[in-house]
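File shown: my_file.tsv. Contents: TSV, C-alpha atoms.
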```
chain	number	residue	atom	x	y	z
A	1	MET	CA	-3.33	5.44	-22.23
A	2	SER	CA	-0.27	7.30	-23.40
A	3	ALA	CA	2.71	5.54	-24.93
A	4	SER	CA	4.88	6.56	-21.97
A	5	VAL	CA	2.67	4.71	-19.45
A	6	ARG	CA	3.11	0.98	-19.96
A	7	LEU	CA	0.80	-1.69	-18.61
A	8	GLY	CA	1.70	-2.40	-15.00
A	9	HIS	CA	3.10	1.06	-14.44
A	10	GLY	CA	1.41	4.01	-12.83
A	11	ARG	CA	1.97	7.68	-12.24
A	12	VAL	CA	1.19	9.73	-9.17
A	13	ILE	CA	1.60	13.41	-8.55
A	14	ASP	CA	3.85	14.67	-5.79
A	15	THR	CA	2.11	17.91	-4.85
A	16	THR	CA	5.00	19.08	-2.68
A	17	ALA	CA	7.41	18.92	-5.63
A	18	ASP	CA	4.73	19.57	-8.30
A	19	GLN	CA	5.89	16.66	-10.43
A	20	PHE	CA	4.72	13.24	-11.57
A	21	LEU	CA	6.42	10.11	-10.26
A	22	ALA	CA	6.37	6.85	-12.20
A	23	TYR	CA	5.97	3.57	-10.36
A	24	GLY	CA	6.43	0.14	-11.83
A	25	PRO	CA	6.55	-3.46	-10.64
A	26	GLN	CA	9.94	-3.06	-8.93
A	27	GLU	CA	8.80	-0.06	-6.89
A	28	ARG	CA	5.57	-1.81	-5.85
A	29	ALA	CA	7.53	-4.91	-4.82
A	30	ALA	CA	9.88	-2.77	-2.71
A	31	VAL	CA	6.97	-1.05	-0.95
A	32	LEU	CA	5.21	-4.37	-0.27
A	33	THR	CA	8.44	-5.80	1.16
A	34	GLU	CA	8.77	-2.82	3.51
A	35	VAL	CA	5.13	-3.13	4.63
A	36	ASP	CA	5.63	-6.85	5.24
A	37	LEU	CA	8.71	-6.18	7.38
A	38	ARG	CA	6.91	-3.54	9.45
A	39	LEU	CA	3.85	-5.73	10.00
A	40	SER	CA	6.00	-8.74	10.85
A	41	GLY	CA	7.70	-6.66	13.54
A	42	LEU	CA	4.36	-5.59	14.98
A	43	VAL	CA	3.02	-9.12	15.10
A	44	ALA	CA	6.22	-10.39	16.71
A	45	ASP	CA	6.07	-7.66	19.39
A	46	ARG	CA	2.40	-8.02	20.36
A	47	GLU	CA	-0.93	-9.40	19.29
A	48	PHE	CA	-2.27	-7.55	16.25
A	49	ARG	CA	-5.64	-6.13	17.30
A	50	PRO	CA	-7.56	-3.55	15.24
A	51	GLY	CA	-9.15	-1.74	18.22
A	52	ASP	CA	-12.54	-0.84	19.64
A	53	GLY	CA	-15.43	1.00	18.02
A	54	LEU	CA	-15.01	-0.42	14.54
A	55	LEU	CA	-17.88	-0.77	12.07
A	56	SER	CA	-19.51	-4.17	11.65
A	57	PRO	CA	-18.33	-6.18	8.63
A	58	LEU	CA	-20.45	-5.71	5.50
A	59	PHE	CA	-20.40	-9.45	4.78
A	60	GLN	CA	-20.28	-12.34	7.21
A	61	GLN	CA	-18.16	-15.35	6.26
A	62	ALA	CA	-20.06	-18.62	6.15
```

Once more with this new file: its structure as C-alpha cells, please.
Amino acid sequence: MSASVRLGHGRVIDTTADQFLAYGPQERAAVLTEVDLRLSGLVADREFRPGDGLLSPLFQQA
C-alpha cells in the first residue's frame, strides 16, 4: 500500500477522464445516505419486490 492511500480510503479510475479519484469515509457516507433516500422513496411509493425469474438462494435460512 502506498503512503498516499490511507487505511479506509480507496482509489478508483475514471476512464472517461483518465484519472484516479480518491474516496474516503466521508464520500462513502454521502453515497450511502443518497442510496438510503432513494430506497426509502421506493418503499414509500410501492411494495419493494425484486421481480420474477430470479435464481434460487444459495443458502436457506433456518

Neighbour list for Gly24 in chain A as a PDB file with C-alpha atoms, in the coordinates of the input, cut-off 7 Å, all atoms listed in the file, skip fewer than 2 positions in-chain:
```
ATOM      1  CA  GLY A   8       1.700  -2.400 -15.000  1.00  0.00           C
ATOM      2  CA  HIS A   9       3.100   1.060 -14.440  1.00  0.00           C
ATOM      3  CA  GLY A  10       1.410   4.010 -12.830  1.00  0.00           C
ATOM      4  CA  ALA A  22       6.370   6.850 -12.200  1.00  0.00           C
ATOM      5  CA  GLN A  26       9.940  -3.060  -8.930  1.00  0.00           C
ATOM      6  CA  GLU A  27       8.800  -0.060  -6.890  1.00  0.00           C
ATOM      7  CA  ARG A  28       5.570  -1.810  -5.850  1.00  0.00           C
TER       8      ARG A  28
END
```

What are the centre and edge lengths in Å, to one decimal, of the axis-aligned box around all listed atoms of range 22-26 of chain A with 6 Å added on each side, as lines of an AutoDock Vina configuration file?
```
center_x = 8.0
center_y = 1.7
center_z = -10.6
size_x = 16.0
size_y = 22.3
size_z = 15.3
```

Rounded to one decimal in Å, what is the spacing between CA of Val35 in chain A and CA of Ile13 in chain A?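 Interatomic distance, CA of Val35 in chain A to CA of Ile13 in chain A: 21.4 Å.
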
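Between CA of Val12 in chain A and CA of Ser40 in chain A the interatomic distance comes to 27.7 Å.
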
Could you jot down the CA of Gly51 in chain A to CA of Leu39 in chain A separation for me, Å, one decimal place?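 Between these atoms lies a distance of 15.9 Å.
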